[in-house]
file start_16.cif (mmCIF, C-alpha atoms)
data_upload
loop_
_atom_site.label_atom_id
_atom_site.label_comp_id
_atom_site.auth_asym_id
_atom_site.auth_seq_id
_atom_site.Cartn_x
_atom_site.Cartn_y
_atom_site.Cartn_z
CA MET A 168 33.67 -36.67 -2.34
CA THR A 169 30.59 -35.23 -0.90
CA ASP A 170 28.62 -32.00 -1.23
CA GLN A 171 27.82 -31.97 2.45
CA LYS A 172 29.37 -28.99 4.19
CA SER A 173 30.89 -29.61 7.55
CA PRO A 174 29.02 -27.63 10.23
CA ARG A 175 30.80 -24.64 11.68
CA PRO A 176 32.20 -25.23 15.14
CA PRO A 177 29.91 -23.73 17.80
CA SER A 178 32.69 -21.49 19.08
CA LEU A 179 32.86 -19.66 15.73
CA ASP A 180 29.10 -19.09 15.71
CA GLU A 181 29.28 -17.71 19.23
CA LEU A 182 32.14 -15.46 18.20
CA ASP A 183 30.12 -14.23 15.20
CA GLN A 184 27.19 -13.43 17.44
CA LYS A 185 29.43 -11.60 19.89
CA ILE A 186 30.97 -9.53 17.09
CA GLU A 187 27.50 -8.73 15.73
CA ARG A 188 26.31 -7.65 19.18
CA GLY A 189 29.42 -5.51 19.60
CA ARG A 190 29.00 -3.88 16.21
CA GLU A 191 25.35 -3.21 16.94
CA ALA A 192 26.20 -1.67 20.31
CA ALA A 193 28.79 0.53 18.63
CA GLY A 194 26.23 1.68 16.09
CA LEU A 195 28.07 -0.08 13.26
CA LYS A 196 25.26 -2.40 12.25
CA PRO A 197 24.96 -2.09 8.48
CA VAL A 198 21.60 -1.08 7.15
CA ALA A 199 19.88 -2.86 4.28
CA ARG A 200 20.59 -1.11 1.02
CA PRO A 201 18.84 -1.88 -2.23
CA GLU A 202 21.34 -4.16 -3.91
CA THR A 203 19.64 -3.84 -7.26
CA ALA A 204 20.30 -0.11 -7.48
CA GLY A 205 23.08 0.25 -10.01
CA ALA A 206 25.81 2.85 -10.21
CA LEU A 207 23.49 5.29 -11.98
CA GLY A 208 20.89 4.96 -9.24
CA LYS A 209 23.51 5.48 -6.56
CA GLY A 210 24.88 8.52 -8.38
CA PHE A 211 21.39 9.97 -8.67
CA HIS A 212 20.78 9.29 -4.98
CA VAL A 213 24.02 10.99 -3.92
CA ALA A 214 23.47 13.97 -6.24
CA ILE A 215 19.97 14.57 -4.91
CA GLU A 216 21.12 14.37 -1.29
CA PHE A 217 23.90 16.91 -1.91
CA VAL A 218 21.87 19.38 -3.97
CA VAL A 219 18.84 19.26 -1.67
CA ALA A 220 20.95 19.82 1.47
CA THR A 221 22.68 22.81 -0.15
CA LEU A 222 19.39 24.34 -1.30
CA MET A 223 17.74 23.67 2.05
CA GLY A 224 20.57 25.45 3.88
CA THR A 225 20.38 28.39 1.48
CA PHE A 226 16.60 28.64 1.86
CA LEU A 227 16.71 28.44 5.67
CA GLY A 228 19.55 30.96 5.80
CA TYR A 229 17.55 33.36 3.64
CA LEU A 230 14.46 32.83 5.81
CA ILE A 231 16.30 33.50 9.07
CA GLY A 232 18.20 36.38 7.46
CA SER A 233 14.97 38.02 6.28
CA ALA A 234 13.50 37.72 9.76
CA LEU A 235 16.58 39.54 11.11
CA GLY A 236 16.66 42.08 8.27
CA GLN A 237 19.93 40.64 6.83
CA GLU A 238 18.80 38.64 3.79
CA VAL A 239 22.13 38.59 1.98
CA ILE A 240 24.23 37.60 4.98
CA GLY A 241 21.64 34.95 5.93
CA LEU A 242 21.64 33.59 2.41
CA MET A 243 25.44 33.42 2.23
CA LEU A 244 25.81 31.78 5.62
CA GLY A 245 22.93 29.41 4.85
CA MET A 246 24.56 28.42 1.58
CA ILE A 247 27.85 27.62 3.33
CA ILE A 248 26.09 25.61 6.05
CA GLY A 249 23.94 23.86 3.42
CA PHE A 250 27.04 22.97 1.42
CA ALA A 251 28.64 21.53 4.55
CA ALA A 252 25.43 19.62 5.32
CA GLY A 253 25.50 18.24 1.77
CA LEU A 254 29.07 17.03 2.28
CA ARG A 255 28.04 15.52 5.61
CA ARG A 256 25.21 13.60 3.88
CA LEU A 257 27.67 12.36 1.26
CA HIS A 258 30.08 11.27 3.99
CA THR A 259 27.28 9.37 5.79
CA LEU A 260 26.20 7.68 2.55
CA MET A 261 29.75 6.70 1.66
CA GLN A 262 30.33 5.31 5.16
CA ALA A 263 27.17 3.19 4.90
CA GLU A 264 28.23 2.02 1.44
CA ALA A 265 31.72 1.09 2.68
CA GLN A 266 30.23 -0.79 5.64
CA ALA A 267 27.83 -2.70 3.41
CA LEU A 268 30.71 -3.58 1.07
CA ASP A 269 32.80 -4.69 4.02
CA GLU A 270 29.93 -6.85 5.29
CA ARG A 271 29.50 -8.47 1.87
CA GLU A 272 33.22 -9.18 1.69
CA ARG A 273 33.20 -10.72 5.15
CA ALA A 274 30.17 -12.82 4.32
CA LYS A 275 31.79 -13.99 1.09
CA HIS A 276 35.04 -14.96 2.78
CA GLY A 277 33.07 -16.65 5.54
CA ARG A 278 31.38 -18.86 2.96
CA ASP A 279 34.75 -19.60 1.31
CA ASP A 280 36.14 -20.62 4.68
CA ASP A 281 33.16 -22.94 5.18
CA ARG A 282 33.78 -24.55 1.82
CA ASP A 283 37.46 -25.05 2.59
CA ALA A 284 36.74 -26.56 5.99
CA MET B 277 3.94 -6.48 -49.39
CA ALA B 278 5.08 -2.92 -48.63
CA GLY B 279 1.74 -1.61 -49.87
CA MET B 280 -0.16 -3.94 -47.57
CA MET B 281 1.95 -2.84 -44.62
CA THR B 282 1.37 0.85 -45.39
CA GLU B 283 -2.38 0.14 -45.63
CA MET B 284 -2.29 -1.55 -42.24
CA LEU B 285 -0.41 1.35 -40.69
CA ASN B 286 -2.92 3.84 -42.12
CA GLN B 287 -5.76 1.85 -40.62
CA LEU B 288 -3.97 1.81 -37.28
CA MET B 289 -3.57 5.60 -37.40
CA GLN B 290 -7.29 6.07 -38.03
CA SER B 291 -8.36 3.76 -35.21
CA THR B 292 -9.60 5.09 -31.86
CA PHE B 293 -6.68 3.25 -30.26
CA MET B 294 -4.39 6.09 -31.40
CA ASP B 295 -6.64 8.93 -30.24
CA ILE B 296 -5.01 9.32 -26.83
CA ALA B 297 -1.52 9.34 -28.27
CA LYS B 298 -2.54 11.85 -30.96
CA VAL B 299 -4.00 14.46 -28.67
CA ALA B 300 -1.80 14.37 -25.59
CA GLY B 301 1.63 15.94 -25.16
CA PRO B 302 4.19 14.36 -22.83
CA LEU B 303 3.16 16.51 -19.87
CA GLU B 304 -0.60 16.33 -20.32
CA GLN B 305 -0.74 13.01 -18.48
CA PHE B 306 0.19 14.80 -15.25
CA GLU B 307 -2.65 17.30 -15.44
CA ILE B 308 -4.92 17.38 -12.38
CA THR B 309 -8.62 17.26 -13.25
CA ARG B 310 -11.35 18.00 -10.73
CA LEU B 311 -13.81 15.10 -10.80
CA ILE B 312 -16.06 16.21 -7.95
CA PRO B 313 -15.53 19.93 -7.36
CA VAL B 314 -16.06 21.17 -3.82
CA PRO B 315 -17.28 24.75 -4.15
CA ALA B 316 -16.81 25.86 -0.53
CA ASN B 317 -13.08 25.57 0.03
CA PRO B 318 -11.88 26.47 3.49
CA GLY B 319 -9.13 29.02 2.92
CA ALA B 320 -6.64 28.16 0.25
CA ILE B 321 -7.10 24.38 0.48
CA ASP B 322 -8.94 22.81 -2.43
CA LEU B 323 -10.79 19.73 -1.18
CA SER B 324 -12.13 18.70 -4.61
CA VAL B 325 -11.88 15.05 -5.57
CA THR B 326 -9.39 14.90 -8.44
CA ASN B 327 -8.03 12.19 -10.72
CA SER B 328 -5.04 11.97 -8.36
CA THR B 329 -7.35 11.28 -5.41
CA LEU B 330 -9.22 8.70 -7.47
CA TRP B 331 -6.03 6.78 -8.32
CA MET B 332 -4.81 6.93 -4.74
CA PHE B 333 -8.10 5.34 -3.67
CA ILE B 334 -7.85 2.77 -6.47
CA GLY B 335 -4.37 1.84 -5.21
CA LEU B 336 -5.70 1.57 -1.68
CA GLY B 337 -8.64 -0.52 -2.88
CA VAL B 338 -6.39 -2.89 -4.84
CA ALA B 339 -4.16 -3.41 -1.77
CA VAL B 340 -7.13 -4.05 0.53
CA LEU B 341 -8.86 -6.38 -1.96
CA PHE B 342 -5.67 -8.31 -2.70
CA LEU B 343 -4.71 -8.85 0.93
CA THR B 344 -8.30 -9.63 1.99
CA ALA B 345 -8.76 -12.15 -0.82
CA ALA B 346 -5.35 -13.69 -0.16
CA THR B 347 -5.94 -14.18 3.55
CA ARG B 348 -9.64 -15.19 3.40
CA ARG B 349 -9.04 -18.92 3.25
CA LEU B 350 -5.66 -19.58 4.78
CA SER B 351 -4.21 -23.01 4.30
CA LEU B 352 -1.02 -24.76 5.36
CA ILE B 353 -0.09 -25.30 1.72
CA PRO B 354 -0.72 -21.83 0.27
CA GLY B 355 -2.41 -21.23 -3.06
CA GLY B 356 -1.27 -18.63 -5.59
CA MET B 357 -2.80 -15.56 -3.94
CA GLN B 358 -1.78 -16.58 -0.44
CA SER B 359 1.77 -17.23 -1.63
CA MET B 360 1.98 -13.79 -3.20
CA ALA B 361 0.67 -12.11 -0.05
CA GLU B 362 3.06 -14.12 2.13
CA MET B 363 5.98 -13.28 -0.13
CA THR B 364 5.14 -9.57 0.04
CA TYR B 365 4.79 -9.75 3.81
CA GLU B 366 8.03 -11.69 4.25
CA PHE B 367 9.91 -9.37 1.90
CA ILE B 368 8.98 -6.25 3.86
CA ALA B 369 9.38 -7.99 7.22
CA LYS B 370 12.93 -9.07 6.28
CA MET B 371 13.77 -5.61 5.05
CA VAL B 372 12.55 -4.05 8.31
CA ARG B 373 14.44 -6.64 10.38
CA ASP B 374 17.67 -6.12 8.42
CA ALA B 375 17.48 -2.35 8.57
CA MET B 376 16.19 -1.86 12.09
CA GLY B 377 16.44 -5.08 14.07
CA ASP B 378 13.71 -6.68 16.15
CA GLU B 379 13.04 -3.78 18.48
CA VAL B 380 11.14 -1.85 15.84
CA ARG B 381 8.50 -4.45 15.09
CA PRO B 382 5.74 -1.98 16.07
CA PHE B 383 6.63 0.10 12.99
CA PHE B 384 6.21 -2.77 10.58
CA PRO B 385 2.56 -1.93 9.73
CA PHE B 386 3.57 1.64 8.88
CA VAL B 387 6.44 0.56 6.61
CA PHE B 388 4.31 -2.15 4.98
CA THR B 389 1.50 0.32 4.28
CA LEU B 390 3.96 2.87 2.94
CA PHE B 391 5.56 0.32 0.61
CA MET B 392 2.23 -1.00 -0.69
CA PHE B 393 0.85 2.49 -1.28
CA VAL B 394 3.92 3.77 -3.10
CA PHE B 395 4.34 0.58 -5.13
CA LEU B 396 0.71 0.44 -6.22
CA SER B 397 0.63 4.16 -7.00
CA ASN B 398 3.74 3.72 -9.17
CA PHE B 399 2.61 0.47 -10.74
CA LEU B 400 -1.03 1.28 -11.52
CA GLY B 401 0.12 4.42 -13.31
CA LEU B 402 1.93 2.20 -15.81
CA LEU B 403 -1.26 0.51 -16.99
CA PRO B 404 -2.44 1.70 -20.39
CA THR B 405 -5.59 3.82 -20.55
CA ILE B 406 -8.53 2.17 -22.31
CA PRO B 407 -9.15 4.08 -25.58
CA GLY B 408 -12.17 6.36 -25.35
CA THR B 409 -11.85 6.92 -21.58
CA PRO B 410 -12.70 10.49 -20.55
CA LYS B 411 -9.61 12.57 -19.81
CA GLY B 412 -10.27 12.85 -16.07
CA LEU B 413 -10.52 9.08 -15.70
CA ALA B 414 -7.37 8.22 -17.67
CA VAL B 415 -4.68 6.25 -15.83
CA PHE B 416 -2.75 8.54 -13.51
CA THR B 417 0.36 8.18 -11.34
CA PRO B 418 -0.19 10.01 -8.03
CA THR B 419 3.51 9.70 -7.14
CA SER B 420 4.45 11.79 -10.19
CA HIS B 421 3.31 14.85 -8.21
CA ILE B 422 5.78 16.21 -5.67
CA ILE B 423 3.04 17.21 -3.25
CA VAL B 424 2.02 13.56 -2.84
CA THR B 425 5.58 12.29 -2.36
CA PHE B 426 6.39 15.20 -0.06
CA ALA B 427 3.31 14.45 2.07
CA LEU B 428 4.49 10.83 2.44
CA ALA B 429 8.05 11.92 3.25
CA ALA B 430 6.87 14.57 5.72
CA LEU B 431 4.65 11.97 7.39
CA THR B 432 7.65 9.64 7.76
CA VAL B 433 9.99 12.30 9.13
CA GLY B 434 7.17 13.64 11.36
CA LEU B 435 6.79 10.13 12.78
CA VAL B 436 10.57 9.98 13.32
CA VAL B 437 10.45 13.20 15.36
CA VAL B 438 7.44 12.06 17.42
CA VAL B 439 8.90 8.60 18.10
CA GLY B 440 12.29 10.13 18.86
CA PHE B 441 10.87 12.45 21.50
CA VAL B 442 8.56 9.78 22.97
CA LYS B 443 11.35 7.19 23.28
CA ASN B 444 14.26 9.45 24.25
CA GLY B 445 12.70 12.67 25.53
CA PHE B 446 15.06 15.58 24.93
CA GLY B 447 17.81 13.00 24.42
CA PHE B 448 16.53 12.85 20.83
CA LEU B 449 18.30 16.16 20.27
CA ARG B 450 21.60 14.25 20.54
CA LEU B 451 20.88 13.42 16.89
CA PHE B 452 22.10 16.94 16.11
CA ALA B 453 25.24 16.67 18.26
CA PRO B 454 27.43 13.81 17.02
CA ALA B 455 29.44 12.00 19.67
CA GLY B 456 33.10 12.95 19.98
CA VAL B 457 32.78 16.46 18.58
CA PRO B 458 34.59 19.05 20.74
CA LEU B 459 32.36 21.60 22.44
CA TRP B 460 33.82 24.57 20.61
CA LEU B 461 32.81 23.02 17.27
CA MET B 462 29.19 22.48 18.33
CA PRO B 463 27.91 25.91 17.15
CA LEU B 464 29.05 24.94 13.66
CA ILE B 465 28.14 21.25 13.68
CA VAL B 466 24.63 21.59 15.14
CA PRO B 467 23.28 23.85 12.33
CA ILE B 468 24.87 21.52 9.76
CA GLU B 469 23.17 18.51 11.35
CA ILE B 470 19.83 20.36 11.54
CA VAL B 471 20.00 21.29 7.84
CA SER B 472 21.01 17.73 7.04
CA PHE B 473 18.01 16.39 8.97
CA LEU B 474 15.58 18.86 7.40
CA SER B 475 16.78 17.98 3.92
CA ARG B 476 15.79 14.33 4.39
CA PRO B 477 12.06 14.60 3.60
CA VAL B 478 12.80 16.84 0.63
CA SER B 479 15.36 14.47 -0.90
CA LEU B 480 13.08 11.51 -0.18
CA ALA B 481 10.20 13.25 -1.95
CA ILE B 482 12.25 14.50 -4.90
CA ARG B 483 13.80 11.09 -5.57
CA LEU B 484 10.47 9.32 -5.97
CA PHE B 485 8.76 12.16 -7.81
CA ALA B 486 11.65 12.70 -10.25
CA ASN B 487 11.90 9.00 -11.10
CA MET B 488 8.20 8.67 -11.79
CA LEU B 489 7.94 11.92 -13.73
CA ALA B 490 10.98 11.22 -15.90
CA GLY B 491 9.95 7.65 -16.69
CA HIS B 492 6.44 8.60 -17.78
CA ILE B 493 7.71 11.49 -19.90
CA VAL B 494 10.19 9.21 -21.67
CA LEU B 495 7.42 6.67 -22.35
CA LYS B 496 5.19 9.36 -23.80
CA VAL B 497 7.98 10.83 -25.93
CA PHE B 498 8.66 7.39 -27.42
CA ALA B 499 4.92 6.96 -28.03
CA GLY B 500 4.94 10.35 -29.73
CA PHE B 501 7.73 9.18 -32.05
CA VAL B 502 5.71 6.10 -32.99
CA VAL B 503 2.61 8.14 -33.84
CA SER B 504 4.54 10.84 -35.73
CA MET B 505 6.42 8.27 -37.83
CA LEU B 506 3.23 6.32 -38.52
CA SER B 507 1.50 9.47 -39.68
CA VAL B 508 4.31 10.11 -42.21
CA GLY B 509 3.66 6.63 -43.59
CA GLY B 510 5.73 4.63 -46.09
CA PHE B 511 9.21 3.51 -45.10
CA ILE B 512 9.31 5.96 -42.15
CA GLY B 513 6.10 4.39 -40.90
CA VAL B 514 7.73 0.96 -40.92
CA LEU B 515 10.69 2.41 -39.00
CA SER B 516 8.27 3.33 -36.21
CA LEU B 517 8.84 -0.21 -34.97
CA LEU B 518 12.15 0.99 -33.52
CA PRO B 519 10.71 3.52 -31.04
CA MET B 520 7.97 0.96 -30.37
CA LEU B 521 10.64 -1.53 -29.26
CA GLY B 522 12.26 1.26 -27.27
CA MET B 523 8.92 1.82 -25.55
CA VAL B 524 8.76 -1.84 -24.57
CA GLY B 525 12.26 -1.58 -23.10
CA VAL B 526 11.48 1.62 -21.20
CA PHE B 527 8.24 0.11 -19.94
CA LEU B 528 10.09 -2.88 -18.49
CA LEU B 529 12.63 -0.53 -16.93
CA GLU B 530 9.81 1.57 -15.49
CA PHE B 531 8.28 -1.53 -13.96
CA LEU B 532 11.58 -2.18 -12.20
CA VAL B 533 11.83 1.49 -11.16
CA ALA B 534 8.25 1.40 -9.77
CA PHE B 535 9.25 -1.45 -7.48
CA LEU B 536 12.72 -0.17 -6.68
CA GLN B 537 11.57 3.31 -5.73
CA ALA B 538 8.91 1.92 -3.40
CA PHE B 539 11.59 -0.27 -1.85
CA VAL B 540 14.07 2.61 -1.49
CA PHE B 541 11.35 4.79 0.06
CA ALA B 542 10.53 2.08 2.60
CA VAL B 543 14.22 1.33 3.38
CA LEU B 544 14.98 5.00 3.97
CA ALA B 545 11.89 5.30 6.18
CA CYS B 546 13.31 2.38 8.22
CA ILE B 547 16.75 4.01 8.47
CA TYR B 548 15.25 7.30 9.63
CA LEU B 549 13.11 5.48 12.20
CA GLN B 550 16.22 3.76 13.49
CA ASP B 551 17.73 7.22 14.04
CA ALA B 552 14.70 8.08 16.14
CA LEU B 553 15.35 5.08 18.37
CA HIS B 554 19.12 5.57 18.61
CA PRO B 555 19.75 9.28 18.19
CA ALA B 556 23.35 9.18 19.49
CA HIS B 557 25.82 8.50 16.67
#
call {"tool": "encode", "arguments": {"input": "start_16.cif", "output": "structure tokens"}}
result
Amino acid sequence: MTDQKSPRPPSLDELDQKIERGREAAGLKPVARPETAGALGKGFHVAIEFVVATLMGTFLGYLIGSALGQEVIGLMLGMIIGFAAGLRRLHTLMQAEAQALDERERAKHGRDDDRDA
Amino acid sequence: MAGMMTEMLNQLMQSTFMDIAKVAGPLEQFEITRLIPVPANPGAIDLSVTNSTLWMFIGLGVAVLFLTAATRRLSLIPGGMQSMAEMTYEFIAKMVRDAMGDEVRPFFPFVFTLFMFVFLSNFLGLLPTIPGTPKGLAVFTPTSHIIVTFALAALTVGLVVVVGFVKNGFGFLRLFAPAGVPLWLMPLIVPIEIVSFLSRPVSLAIRLFANMLAGHIVLKVFAGFVVSMLSVGGFIGVLSLLPMLGMVGVFLLEFLVAFLQAFVFAVLACIYLQDALHPAH
């Protein structure tokens, strides 16, 4: 009965490093997210991203439309593009969130495996 | 007993300590006051020194003084100040490493400065004003004004664009053309990506500004409840302890928000800088 953890075999560490390098090369490296931000904070974050993107698209559409003498068409098109940009931001955020969750899960299971070993 | 308590509350209401709370509405704390007016303004830009400018400089001064004092006598076994400075440094350094890897070490000073400035602007605004202080010198939160947060966000995104073009040349524009998208979809995807990119500084600015503004308004509203209930006196005056406890809770929450928002601002700056280095996605 001892608290000492058996060291991980070097081959596993090498494999971990290889996977990390591969993920990084594929642009899948998870970014640090504030862990302390609760569900309310996340919701606020997502809502702001979506609303701002929609408004920005609408504003830019109106601006370009006014320059071309077609304010209404510019505004409508801008709103549609802004809405799509908002959805794109949400998709990006959700992807990052899912990756971070996945990373945490992997890290947790990794530690469990260490304990079992 | 009740009579003694009512007497105490009446005395508290008449003290100068309550003056600030009595006169100011929840939004008055955000009022910009010119401290040193500059009469000759070039164009529409007002270059006067305001209370917002003053508190930005106070934040800057506190950061410089703290870090200078902490690193003046460095020792292998750090004292209190040195430990705090090292912890702050390590915290930001780890965050930058986690978010961006080692290749972006040159941007560490920018992110560190950004974090310190935002955190101290948020935090110093939570300090109570000393009773009797002239209105223009009362404690002020610069980050509760969208123009300040937008300037910081625009600076960050401006840096992203500059670094992106310097590192990748016109390859930076690949940021607006995601990999794997068919050519016929590009006319639709590129405007969406451009709008998405342009919305970043705005959302970054609004998030910080809205959090600071809302928190300070809630604090002031609770303070208003305390003063109003005290002025009624009697049993209602005793009940003013409830909003007072609420104020303590909100204050603690605001302290957390002050830190968290500075952290989020710095993390997002790191993520955007990473996009500048690796525009293809």
call {"tool": "interface_residues", "arguments": {"input": "start_16.cif", "of": "chain B", "to": "chain A", "cutoff": "7 Å", "atoms": "only C-alpha atoms", "output": "PyMOL selection string"}}
result
chain B and resi 371+374-375+468-469+471-472+475+478-479+540+557
call {"tool": "axis_aligned_box", "arguments": {"input": "start_16.cif", "around": "segment 255-273 of chain A", "padding_each_side": "6 Å", "output": "JSON"}}
result
{"center_x": 29.2, "center_y": 2.4, "center_z": 3.4, "size_x": 20.0, "size_y": 38.2, "size_z": 16.7}
call {"tool": "resolve_selection", "arguments": {"input": "start_16.cif", "expression": "the PyMOL selection byres ((chain B and resi 546) around 8)", "output": "count of residues only"}}
result
12
call {"tool": "residues_near_point", "arguments": {"input": "start_16.cif", "point": "(5.6, 9.4, -26.0)", "cutoff": "10 Å", "atoms": "all atoms listed in the file", "output": "VMD selection string"}}
result
chain B and resid 297 to 298 300 to 303 492 to 504 519 to 520 523
call {"tool": "atom_distance", "arguments": {"input": "start_16.cif", "atom1": "atom CA of Gly335 of chain B", "atom2": "atom CA of Leu400 of chain B"}}
result
7.2 Å
call {"tool": "atom_distance", "arguments": {"input": "start_16.cif", "atom1": "atom CA of Thr309 of chain B", "atom2": "atom CA of Met392 of chain B"}}
result
24.7 Å
call {"tool": "atom_distance", "arguments": {"input": "start_16.cif", "atom1": "atom CA of Gly440 of chain B", "atom2": "atom CA of Asp551 of chain B"}}
result
7.8 Å
call {"tool": "residues_around", "arguments": {"input": "start_16.cif", "residues": "segment 347-350 of chain B", "least_positions_apart": "4", "cutoff": "12 Å", "atoms": "all atoms listed in the file", "output": "PDB file with C-alpha atoms, in the coordinates of the input"}}
result
ATOM      1  CA  VAL B 340      -7.130  -4.050   0.530  1.00  0.00           C
ATOM      2  CA  LEU B 341      -8.860  -6.380  -1.960  1.00  0.00           C
ATOM      3  CA  PHE B 342      -5.670  -8.310  -2.700  1.00  0.00           C
ATOM      4  CA  LEU B 343      -4.710  -8.850   0.930  1.00  0.00           C
ATOM      5  CA  PRO B 354      -0.720 -21.830   0.270  1.00  0.00           C
ATOM      6  CA  GLY B 355      -2.410 -21.230  -3.060  1.00  0.00           C
ATOM      7  CA  GLY B 356      -1.270 -18.630  -5.590  1.00  0.00           C
ATOM      8  CA  MET B 357      -2.800 -15.560  -3.940  1.00  0.00           C
ATOM      9  CA  GLN B 358      -1.780 -16.580  -0.440  1.00  0.00           C
ATOM     10  CA  SER B 359       1.770 -17.230  -1.630  1.00  0.00           C
ATOM     11  CA  MET B 360       1.980 -13.790  -3.200  1.00  0.00           C
ATOM     12  CA  ALA B 361       0.670 -12.110  -0.050  1.00  0.00           C
ATOM     13  CA  GLU B 362       3.060 -14.120   2.130  1.00  0.00           C
ATOM     14  CA  TYR B 365       4.790  -9.750   3.810  1.00  0.00           C
TER      15      TYR B 365
END
call {"tool": "residues_near_point", "arguments": {"input": "start_16.cif", "point": "(5.6, 1.2, -7.2)", "cutoff": "10 Å", "atoms": "only C-alpha atoms", "output": "compact mmCIF listing (two decimals) with C-alpha atoms, keeping the file's coordinate frame"}}
result
# COMPACT_ATOMS: atom_id res chain seq x y z
CA PHE B 391 5.56 0.32 0.61
CA MET B 392 2.23 -1.00 -0.69
CA PHE B 393 0.85 2.49 -1.28
CA VAL B 394 3.92 3.77 -3.10
CA PHE B 395 4.34 0.58 -5.13
CA LEU B 396 0.71 0.44 -6.22
CA SER B 397 0.63 4.16 -7.00
CA ASN B 398 3.74 3.72 -9.17
CA PHE B 399 2.61 0.47 -10.74
CA LEU B 400 -1.03 1.28 -11.52
CA GLY B 401 0.12 4.42 -13.31
CA LEU B 402 1.93 2.20 -15.81
CA THR B 417 0.36 8.18 -11.34
CA THR B 419 3.51 9.70 -7.14
CA LEU B 484 10.47 9.32 -5.97
CA MET B 488 8.20 8.67 -11.79
CA GLU B 530 9.81 1.57 -15.49
CA PHE B 531 8.28 -1.53 -13.96
CA LEU B 532 11.58 -2.18 -12.20
CA VAL B 533 11.83 1.49 -11.16
CA ALA B 534 8.25 1.40 -9.77
CA PHE B 535 9.25 -1.45 -7.48
CA LEU B 536 12.72 -0.17 -6.68
CA GLN B 537 11.57 3.31 -5.73
CA ALA B 538 8.91 1.92 -3.40
CA PHE B 539 11.59 -0.27 -1.85
CA PHE B 541 11.35 4.79 0.06
call {"tool": "closest_residue", "arguments": {"input": "start_16.cif", "among": "B:Trp331, B:Phe426, B:Phe367, B:Phe384", "to": "Ala486 of chain B", "atoms": "all atoms listed in the file"}}
result
B:Phe426
call {"tool": "closest_residue", "arguments": {"input": "start_16.cif", "among": "B:Gly377, B:Pro385, B:Pro418, B:Pro315", "to": "Leu330 of chain B", "atoms": "all atoms listed in the file"}}
result
B:Pro418
